[in-house]
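Have a look at my_file.cif below; it lists mmCIF, C-alpha atoms.
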```cif
data_final
loop_
_atom_site.label_atom_id
_atom_site.label_comp_id
_atom_site.auth_asym_id
_atom_site.auth_seq_id
_atom_site.Cartn_x
_atom_site.Cartn_y
_atom_site.Cartn_z
CA MET C 1 98.23 104.38 73.91
CA SER C 2 98.73 102.18 76.98
CA GLU C 3 101.02 103.42 79.76
CA PHE C 4 102.42 99.89 79.98
CA PRO C 5 104.85 98.01 77.73
CA ARG C 6 103.53 94.98 75.90
CA ILE C 7 102.68 92.36 78.53
CA ASP C 8 101.38 88.88 77.74
CA ILE C 9 98.04 88.55 79.53
CA ASN C 10 97.26 85.03 78.29
CA GLY C 11 98.55 83.51 81.52
CA ASP C 12 98.21 84.25 85.23
CA HIS C 13 101.47 83.46 86.98
CA HIS C 14 100.77 84.29 90.62
CA ILE C 15 97.97 82.18 92.11
CA HIS C 16 97.70 80.98 95.71
CA THR C 17 95.74 78.13 97.28
CA HIS C 18 93.97 77.31 100.53
CA LEU C 19 97.15 75.59 101.70
CA CYS C 20 98.76 78.92 102.67
CA ASN C 21 96.12 79.42 105.38
CA HIS C 22 95.01 82.84 104.17
CA ALA C 23 93.37 81.95 100.85
CA SER C 24 90.24 79.97 100.04
CA GLY C 25 89.02 77.55 97.41
CA ALA C 26 90.21 74.20 96.14
CA MET C 27 93.11 74.20 93.68
CA GLU C 28 90.82 72.77 91.00
CA ALA C 29 88.51 75.77 91.42
CA TYR C 30 91.38 78.08 90.45
CA VAL C 31 92.10 75.98 87.36
CA LEU C 32 88.46 76.10 86.30
CA ALA C 33 88.39 79.86 86.86
CA ALA C 34 91.46 80.29 84.65
CA ILE C 35 89.90 78.17 81.90
CA LYS C 36 86.68 80.21 82.13
CA LYS C 37 88.75 83.39 81.71
CA GLY C 38 90.23 81.95 78.53
CA LEU C 39 93.78 81.77 79.89
CA GLN C 40 96.28 79.49 78.19
CA THR C 41 98.65 79.09 81.14
CA MET C 42 98.56 79.47 84.91
CA THR C 43 101.11 79.20 87.68
CA PHE C 44 100.38 78.34 91.28
CA LEU C 45 102.88 80.35 93.32
CA GLU C 46 102.70 79.30 96.94
CA HIS C 47 104.40 80.91 99.91
CA LEU C 48 107.73 79.68 101.24
CA GLU C 49 108.94 81.40 104.42
CA CYS C 50 111.69 80.24 106.76
CA GLY C 51 112.97 81.29 110.17
CA LEU C 52 110.17 83.68 111.07
CA VAL C 53 109.02 84.75 114.51
CA TYR C 54 105.39 85.17 113.48
CA SER C 55 101.98 83.68 114.08
CA PRO C 56 99.73 82.38 112.60
CA GLN C 57 101.54 80.42 109.92
CA ILE C 58 100.63 81.79 106.49
CA TRP C 59 103.03 79.77 104.35
CA LEU C 60 103.55 76.14 103.38
CA THR C 61 105.60 73.62 105.34
CA PRO C 62 107.46 70.84 103.46
CA GLU C 63 104.54 68.54 104.28
CA LEU C 64 102.08 70.97 102.71
CA PHE C 65 104.31 71.41 99.66
CA THR C 66 104.14 67.63 99.22
CA GLU C 67 100.34 67.84 99.15
CA TYR C 68 100.56 70.88 96.87
CA PHE C 69 102.59 69.01 94.27
CA ARG C 70 100.49 65.87 94.50
CA THR C 71 97.28 67.78 93.81
CA GLY C 72 98.98 69.95 91.20
CA GLN C 73 100.20 66.94 89.23
CA ASP C 74 96.68 65.50 89.16
CA LEU C 75 95.35 68.82 87.82
CA LYS C 76 98.11 69.05 85.21
CA THR C 77 97.04 65.67 83.88
CA LYS C 78 93.29 66.23 84.12
CA TYR C 79 93.30 69.59 82.29
CA ALA C 80 96.27 69.07 79.98
CA GLY C 81 94.17 69.67 76.88
CA GLN C 82 92.66 72.90 78.17
CA ILE C 83 95.35 74.80 80.06
CA SER C 84 99.01 74.49 81.00
CA VAL C 85 99.42 74.37 84.79
CA ARG C 86 102.76 75.14 86.44
CA MET C 87 103.78 74.61 90.06
CA GLY C 88 105.81 77.49 91.45
CA VAL C 89 106.96 79.09 94.68
CA GLU C 90 106.92 82.62 96.08
CA ILE C 91 110.11 82.81 98.12
CA GLY C 92 109.85 85.18 101.04
CA TRP C 93 113.41 86.36 101.63
CA ASN C 94 114.83 86.13 105.13
CA PRO C 95 118.61 86.76 105.07
CA PHE C 96 119.02 84.80 108.30
CA ALA C 97 117.46 81.64 106.83
CA HIS C 98 119.30 81.36 103.51
CA LYS C 99 120.40 77.74 104.04
CA GLU C 100 116.93 76.60 105.09
CA ILE C 101 115.39 78.31 102.07
CA GLU C 102 117.86 76.68 99.69
CA LYS C 103 117.26 73.28 101.29
CA THR C 104 113.51 73.55 100.75
CA LEU C 105 113.94 74.79 97.19
CA ALA C 106 116.14 71.78 96.42
CA SER C 107 113.53 69.39 97.83
CA PHE C 108 110.80 70.11 95.29
CA PRO C 109 110.64 70.48 91.47
CA PHE C 110 109.46 74.09 91.37
CA GLU C 111 108.81 75.18 87.77
CA HIS C 112 108.71 78.90 88.52
CA ARG C 113 110.39 80.89 91.29
CA GLY C 114 109.34 84.33 92.42
CA ILE C 115 111.12 86.43 95.02
CA SER C 116 109.34 88.62 97.52
CA CYS C 117 109.89 90.08 100.98
CA HIS C 118 106.90 90.15 103.29
CA PHE C 119 108.43 90.75 106.72
CA TYR C 120 110.58 93.21 108.67
CA PHE C 121 112.42 91.98 111.78
CA ASP C 122 112.27 94.53 114.59
CA GLY C 123 114.64 92.62 116.87
CA GLU C 124 111.92 90.59 118.57
CA GLN C 125 109.39 89.58 115.94
CA HIS C 126 108.76 89.72 112.22
CA LEU C 127 106.28 92.42 111.25
CA ASN C 128 104.15 91.74 108.20
CA LEU C 129 104.77 94.49 105.64
CA LEU C 130 101.71 93.66 103.55
CA SER C 131 99.18 92.76 106.23
CA ARG C 132 96.03 94.53 107.35
CA ARG C 133 96.88 93.62 110.95
CA GLU C 134 96.44 96.86 112.88
CA ASP C 135 99.09 96.00 115.50
CA HIS C 136 101.68 95.48 112.76
CA ILE C 137 100.62 98.59 110.84
CA GLN C 138 101.06 100.69 113.97
CA ALA C 139 104.42 99.11 114.81
CA LEU C 140 105.72 99.71 111.29
CA ALA C 141 104.50 103.31 111.34
CA ALA C 142 106.32 103.89 114.62
CA ILE C 143 109.59 102.58 113.18
CA GLY C 144 109.14 104.81 110.16
CA PRO C 145 108.39 104.08 106.49
CA GLU C 146 111.70 105.49 105.21
CA LYS C 147 113.80 103.13 107.35
CA ILE C 148 111.63 100.11 106.58
CA LEU C 149 111.49 100.70 102.83
CA THR C 150 115.26 101.12 102.71
CA ALA C 151 115.66 97.74 104.44
CA TYR C 152 113.00 96.24 102.17
CA PHE C 153 114.70 97.24 98.91
CA ARG C 154 118.09 96.15 100.23
CA ASN C 155 116.59 92.78 101.12
CA LEU C 156 115.28 92.38 97.58
CA ILE C 157 118.73 93.18 96.18
CA ASP C 158 120.22 90.62 98.57
CA ALA C 159 117.67 87.99 97.55
CA CYS C 160 118.21 88.51 93.82
CA THR C 161 121.96 88.28 94.39
CA LYS C 162 121.88 85.03 96.36
CA LEU C 163 118.94 83.07 94.92
CA THR C 164 118.21 81.59 91.52
CA CYS C 165 114.81 82.89 90.49
CA ASP C 166 112.64 83.78 87.50
CA LYS C 167 110.93 86.96 88.65
CA LEU C 168 110.54 89.58 91.36
CA CYS C 169 107.03 89.87 92.81
CA HIS C 170 105.03 93.06 93.59
CA LEU C 171 108.13 95.24 93.89
CA ASP C 172 106.57 98.28 95.59
CA ALA C 173 103.81 96.61 97.60
CA ALA C 174 105.50 96.95 101.01
CA LEU C 175 103.62 99.09 103.53
CA ARG C 176 100.61 99.09 101.23
CA HIS C 177 98.28 99.75 104.16
CA LEU C 178 100.15 102.80 105.43
CA PRO C 179 98.84 106.05 103.91
CA ASP C 180 100.90 108.63 102.06
CA ILE C 181 104.00 106.52 101.47
CA ALA C 182 106.56 108.41 99.39
CA LEU C 183 109.73 107.02 97.88
CA THR C 184 112.86 109.01 98.68
CA GLN C 185 115.84 109.60 96.41
CA GLN C 186 117.65 106.82 98.25
CA HIS C 187 114.77 104.45 97.55
CA TRP C 188 114.88 105.29 93.84
CA GLU C 189 118.62 104.64 93.82
CA LEU C 190 118.02 101.24 95.41
CA ILE C 191 115.23 100.46 92.92
CA THR C 192 117.55 101.38 90.05
CA GLU C 193 120.27 99.14 91.48
CA LEU C 194 117.73 96.34 91.86
CA LEU C 195 116.46 96.64 88.28
CA GLU C 196 120.01 96.65 86.91
CA LEU C 197 120.78 93.50 88.90
CA MET C 198 117.61 91.88 87.56
CA ARG C 199 118.60 92.72 84.00
CA ALA C 200 122.06 91.22 84.54
CA LYS C 201 120.56 88.01 85.96
CA ASP C 202 117.61 87.83 83.52
CA ILE C 203 115.01 88.16 86.29
CA ALA C 204 111.60 89.30 85.07
CA LEU C 205 109.58 92.04 86.75
CA GLU C 206 106.14 90.92 87.83
CA VAL C 207 103.22 93.22 87.07
CA ASN C 208 100.87 92.31 89.90
CA THR C 209 97.29 93.39 89.28
CA SER C 210 96.22 93.04 92.91
CA GLY C 211 97.43 96.63 93.21
CA TYR C 212 94.22 97.78 91.58
CA GLU C 213 92.34 96.73 94.72
CA LEU C 214 94.00 99.57 96.67
CA ARG C 215 95.21 102.15 94.14
CA PRO C 216 94.78 103.21 90.48
CA HIS C 217 97.61 101.02 89.17
CA PRO C 218 99.28 97.64 89.70
CA TYR C 219 102.42 96.74 91.64
CA PRO C 220 104.80 98.22 90.79
CA ALA C 221 103.78 101.76 89.87
CA PRO C 222 103.93 102.86 86.21
CA GLU C 223 107.07 104.93 86.89
CA ILE C 224 108.93 101.80 87.97
CA ILE C 225 107.54 99.78 85.05
CA LYS C 226 108.70 102.52 82.67
CA LEU C 227 112.19 102.48 84.18
CA ALA C 228 112.29 98.69 83.90
CA ALA C 229 111.24 98.88 80.24
CA GLU C 230 114.00 101.41 79.56
CA LYS C 231 116.45 98.92 81.05
CA GLU C 232 114.96 96.21 78.79
CA LEU C 233 113.70 93.92 81.52
CA SER C 234 111.10 91.29 80.68
CA PHE C 235 107.65 91.36 82.29
CA ILE C 236 105.27 88.71 83.58
CA VAL C 237 101.75 89.24 84.87
CA GLY C 238 100.10 87.81 87.97
CA SER C 239 96.84 88.44 89.80
CA ASP C 240 98.01 87.32 93.26
CA ALA C 241 94.68 85.51 93.47
CA HIS C 242 93.67 84.27 96.92
CA ARG C 243 90.20 83.25 95.77
CA PRO C 244 89.22 81.54 92.49
CA GLU C 245 87.21 84.54 91.29
CA GLN C 246 90.36 86.70 91.48
CA VAL C 247 92.22 84.74 88.78
CA GLY C 248 93.09 87.08 85.91
CA ARG C 249 91.64 90.11 87.69
CA TYR C 250 92.15 93.50 86.03
CA PHE C 251 94.31 92.06 83.23
CA GLU C 252 92.35 94.07 80.70
CA ARG C 253 93.69 97.29 82.25
CA LEU C 254 97.20 96.43 81.09
CA THR C 255 96.37 96.55 77.40
#
```
Kindly transcribe the structure held in the file into structure tokens.
Amino acid sequence: MSEFPRIDINGDHHIHTHLCNHASGAMEAYVLAAIKKGLQTMTFLEHLECGLVYSPQIWLTPELFTEYFRTGQDLKTKYAGQISVRMGVEIGWNPFAHKEIEKTLASFPFEHRGISCHFYFDGEQHLNLLSRREDHIQALAAIGPEKILTAYFRNLIDACTKLTCDKLCHLDAALRHLPDIALTQQHWELITELLELMRAKDIALEVNTSGYELRPHPYPAPEIIKLAAEKELSFIVGSDAHRPEQVGRYFERLT
């Protein structure tokens, strides 16, 4: 018997593009990869970040979102008989840029909205919680995983409270490049609060199979997925593809 609840793996709902400046491959290449995998639906989910003190830029500006939608609409039309293509956004939550985030969200017809939190503000700059950048890994380690994860889960609660969204992305992926991360009792209490808020607001939990690149299970861990299932949350799968060949990766492990 699978350790996971029933999850529809006929669609990949977390796919990036070269426009975010840290992925590769034309958008059409991702569509063709999804068709080759036999998927029925796919969702481009490109990065929106606002108000960050961080370089280089690894998210889309309004100008790039305009290009994103223009290309996406062409692909929707071209492959309409083979796959359903949706245009979504992965909203990186910054509590100090709420108005700017909402303004950008209102400017484009996003069909799917995911919430994430990729950065921790140390008072001077935003540190990337998910990056392989050694300077950021060392800075985060010096601050301390317990403090950062507490802030991270509180930020996700804040985001789900203030934004209209469809799902929460890779819930436990923060600090993925720091070894021996352990969740404390306080963290589990925050996760429980977050899942209960998601249930109340009908926000799905993303099962993100990019986790298999670094550990034996997806994001989030099976214990969190089990807790979410007990609370009767809905689930949606995504590969977090940053290259066309990553579309639909490891989906078979969820069955």
Review point. So what does the PyMOL selection byres ((chain C and resi 178-181) around 9) actually pick up in this one, as a ChimeraX atom specification?
Key: /C:137-138,140-141,145-146,175-177,182-183
Please tabulate, as a Markdown table, the residues of range 156-233 of chain C that come within 10 Å of range 109-117 of chain C, each with its closest pair of atoms and the distance in Å to one decimal, counting all atoms listed in the file and ordering rows by chain, then residue number upward.
```
| residue | atom | partner | partner_atom | distance |
| --- | --- | --- | --- | --- |
| C:Leu156 | CA | C:Cys117 | CA | 6.8 |
| C:Ala159 | CA | C:Ile115 | CA | 7.2 |
| C:Cys160 | CA | C:Ile115 | CA | 7.5 |
| C:Leu163 | CA | C:Ile115 | CA | 8.5 |
| C:Thr164 | CA | C:Arg113 | CA | 7.9 |
| C:Cys165 | CA | C:Arg113 | CA | 4.9 |
| C:Asp166 | CA | C:Arg113 | CA | 5.3 |
| C:Lys167 | CA | C:Gly114 | CA | 4.9 |
| C:Leu168 | CA | C:Ile115 | CA | 4.9 |
| C:Cys169 | CA | C:Ser116 | CA | 5.4 |
| C:His170 | CA | C:Ser116 | CA | 7.3 |
| C:Leu171 | CA | C:Ser116 | CA | 7.6 |
| C:Ala173 | CA | C:Cys117 | CA | 9.5 |
| C:Ala174 | CA | C:Cys117 | CA | 8.2 |
| C:Ile203 | CA | C:Gly114 | CA | 9.2 |
| C:Ala204 | CA | C:Gly114 | CA | 9.2 |
| C:Leu205 | CA | C:Gly114 | CA | 9.6 |
| C:Glu206 | CA | C:Gly114 | CA | 8.6 |
```
**Study point:** Atomic separation - CA of Ile9 in chain C relative to CA of Glu49 in chain C, Å
**Key:** 28.1 Å
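Closest approach to Tyr79 in chain C from the set C:Phe96, C:Tyr219, C:Tyr30, C:Phe65 is made by C:Tyr30, with distances taken over only C-alpha atoms.
Nearest residue to Arg199 in chain C among C:Arg253, C:Lys231, C:Lys103, C:Lys147 is C:Lys231, counting all atoms listed in the file.
Each of C:Pro5, C:Gly51, C:Gly144, C:Gly25 was checked against His242 in chain C using all atoms listed in the file; the smallest atom-to-atom distance is that of C:Gly25.
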